[in-house]
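S.K.: Below are the structure tokens for one structure; questions will follow.
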Amino acid sequence: MDENQIKQRMQQVLDLVRQDIGTIRTGRATPSLVEDIMVDAYGGTSKLRILELASISAPDPQTLIISPWDKQVVGEIRKGIEAANTGLSPVISGEIIRINLPPMTTEDREKYVKLLHQKLENGRVMVRQTRQDANHEIKKAFEDKKSSEDEKDRREKQVQTLTDQFIGQIETLGITKENELRRI
């Protein structure tokens, strides 16, 4: 595994964490709350994300509006949101779906902060797993006499530097999201 592969795997983890924490509610309406919810569209013949079925907008901090491109899937999108157990209550209003977000309580905010910390820790674990895989390959190459001890040490330091870099980025994402969650 070369440095670019390691960097690429760690970047994928960072992107996954970014997407994962984007679904955590912060008290403000954002399209990321619902865009990845899967919906059984067209009578269950295809499973699509809401993002693929409709445009999502947040006209104000407490409201989401979902405008399906095909008006036949309005009911299926509503059912998909309800089935996802997000705690959101979609209401069909003509050809659109309106979701009013209730204000978050302090208890809700603390619950979401705990969830955020779990998701961040999962991301850190995945980055460390990538480091462990890379170090295993480096050690194996050394044991098979394909690289010198100096080369092994240099590559392990490179992998550790990348690990520290990506864990730092995960921490930065977490701090930003936690500040959003704690802001009233």
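Labels used: A, B, ... for chains in the order of the structure tokens, numbers from 1 for residues in each chain, and numbers from 1 for ligands as shown.
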Using only C-alpha atoms, I'd like a table of the residues in segment 33-126 of chain A that come within 10 Å of segment 3-18 of chain A; for each, show the closest atom pair and its distance in Å rounded to one decimal, ordered by chain and ascending number, as a tab-separated table.

M.R.:
residue	atom	partner	partner_atom	distance
A:Leu116	CA	A:Val17	CA	9.9
A:Lys119	CA	A:Val17	CA	7.0
A:Leu120	CA	A:Val17	CA	6.8
A:Glu121	CA	A:Val17	CA	9.6
A:Asn122	CA	A:Val17	CA	8.3
A:Gly123	CA	A:Val17	CA	5.9
A:Arg124	CA	A:Val13	CA	8.6
A:Val125	CA	A:Val13	CA	9.7
A:Met126	CA	A:Val13	CA	6.7

S.K.: For the residues selected in the previous step, produce a file with C-alpha atoms as a JSON list (two decimals), in the first residue's frame.

M.R.:
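Saved result, out-v5.json, follows:
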[["chain", "number", "residue", "atom", "x", "y", "z"],
["A", 116, "LEU", "CA", -21.83, 13.02, 17.55],
["A", 119, "LYS", "CA", -19.76, 8.90, 15.21],
["A", 120, "LEU", "CA", -16.46, 10.78, 15.58],
["A", 121, "GLU", "CA", -14.94, 7.90, 17.54],
["A", 122, "ASN", "CA", -16.04, 5.46, 14.82],
["A", 123, "GLY", "CA", -14.24, 7.66, 12.29],
["A", 124, "ARG", "CA", -11.08, 7.77, 14.39],
["A", 125, "VAL", "CA", -11.19, 3.96, 14.74],
["A", 126, "MET", "CA", -11.49, 3.57, 10.95]]

S.K.: I'd like to know which of A:Val34, A:Ala141, A:Ile99, A:Met1 is closest to Glu52 of chain A, using only C-alpha atoms.

M.R.: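 Answer, going by the shortest atom-to-atom distance: A:Val34.
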
S.K.: Using DSSP secondary structure from the backbone, list all strand (DSSP E or B) positions within segment 16-99 of chain A, as an MDAnalysis selection string.

M.R.: chainID A and resid 38:41 46:49 54:60 63:68 90:93 96:99

S.K.: Quick one: residues within 9 Å of Val73 of chain A, only C-alpha atoms, excluding same-chain residues fewer than 4 positions away - as a tab-separated table (two decimals) with C-alpha atoms, in the first residue's frame?

M.R.:
chain	number	residue	atom	x	y	z
A	41	ALA	CA	-40.43	4.56	-4.96
A	42	TYR	CA	-42.81	3.60	-7.73
A	43	GLY	CA	-44.62	0.87	-5.84
A	53	LEU	CA	-36.43	12.06	-6.14
A	68	PRO	CA	-40.72	15.87	-5.75
A	69	TRP	CA	-40.00	16.05	-9.46
A	77	ILE	CA	-41.48	10.00	0.25
A	78	ARG	CA	-43.62	10.82	3.29

S.K.: I'd like to know which of A:Ser55, A:Asp20, A:Asp133, A:Asp60 is closest to Gln118 of chain A, using only C-alpha atoms.

M.R.: A:Asp20

S.K.: Select, from A:Ser46, A:Thr172, A:Thr86, A:Gln62, the residue with the minimum atom-to-atom distance to Asn100 of chain A, counting only C-alpha atoms.

M.R.: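 Counting only C-alpha atoms, the residue closest to Asn100 of chain A is A:Gln62.
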
S.K.: Give me the residues near Asp2 of chain A as a list in words, where near means some atom within 10 Å (using only C-alpha atoms) and where sequence neighbours in that chain fewer than 6 positions away do not count.

M.R.: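 Counting only the stated atoms, we get Ala134, Glu137, Ile138, Arg155 and Val159 of chain A.
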
S.K.: Skipping near chain neighbours, those fewer than 4 positions away, what residues fall within 12 Å of Gly44 of chain A using only C-alpha atoms, listed as a PyMOL selection string?

M.R.: chain A and resi 38-40+48+73+76-77+79-80

S.K.: Would you output that residue set with C-alpha atoms, as a tab-separated table (two decimals), in the first residue's frame?

M.R.:
chain	number	residue	atom	x	y	z
A	38	MET	CA	-34.08	5.68	1.29
A	39	VAL	CA	-37.58	5.55	-0.21
A	40	ASP	CA	-39.37	2.64	-1.87
A	48	LEU	CA	-33.93	5.71	-4.13
A	73	VAL	CA	-44.05	9.78	-5.28
A	76	GLU	CA	-43.99	7.34	-0.82
A	77	ILE	CA	-41.48	10.00	0.25
A	79	LYS	CA	-43.80	7.11	4.21
A	80	GLY	CA	-40.02	6.79	3.76

S.K.: Residues at most 12 Å from Glu151 of chain A, counting only C-alpha atoms, excluding those fewer than 6 positions away in the same chain, as a list of chain:residue names?

M.R.: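 Here the answer would be A:Ile138, A:Lys139, A:Ala141, A:Phe142, A:Lys145, A:Lys157, A:Gln158.
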
S.K.: For the residues selected in the previous step, produce a file with C-alpha atoms as a compact mmCIF listing (two decimals), in the first residue's frame.

M.R.:
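Result file result06.txt:
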# COMPACT_ATOMS: atom_id res chain seq x y z
CA ILE A 138 5.27 -2.22 5.88
CA LYS A 139 6.35 -4.77 8.50
CA ALA A 141 7.81 -6.02 3.40
CA PHE A 142 10.63 -5.61 5.96
CA LYS A 145 13.60 -8.41 3.03
CA LYS A 157 6.47 7.76 10.40
CA GLN A 158 4.77 8.88 7.16

S.K.: With distances taken over only C-alpha atoms, which of A:Asn85, A:Lys47, A:Thr161, A:Thr106 is nearest to Leu33 of chain A?

M.R.: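 The shortest atom-to-atom distance to Leu33 of chain A comes from A:Asn85.
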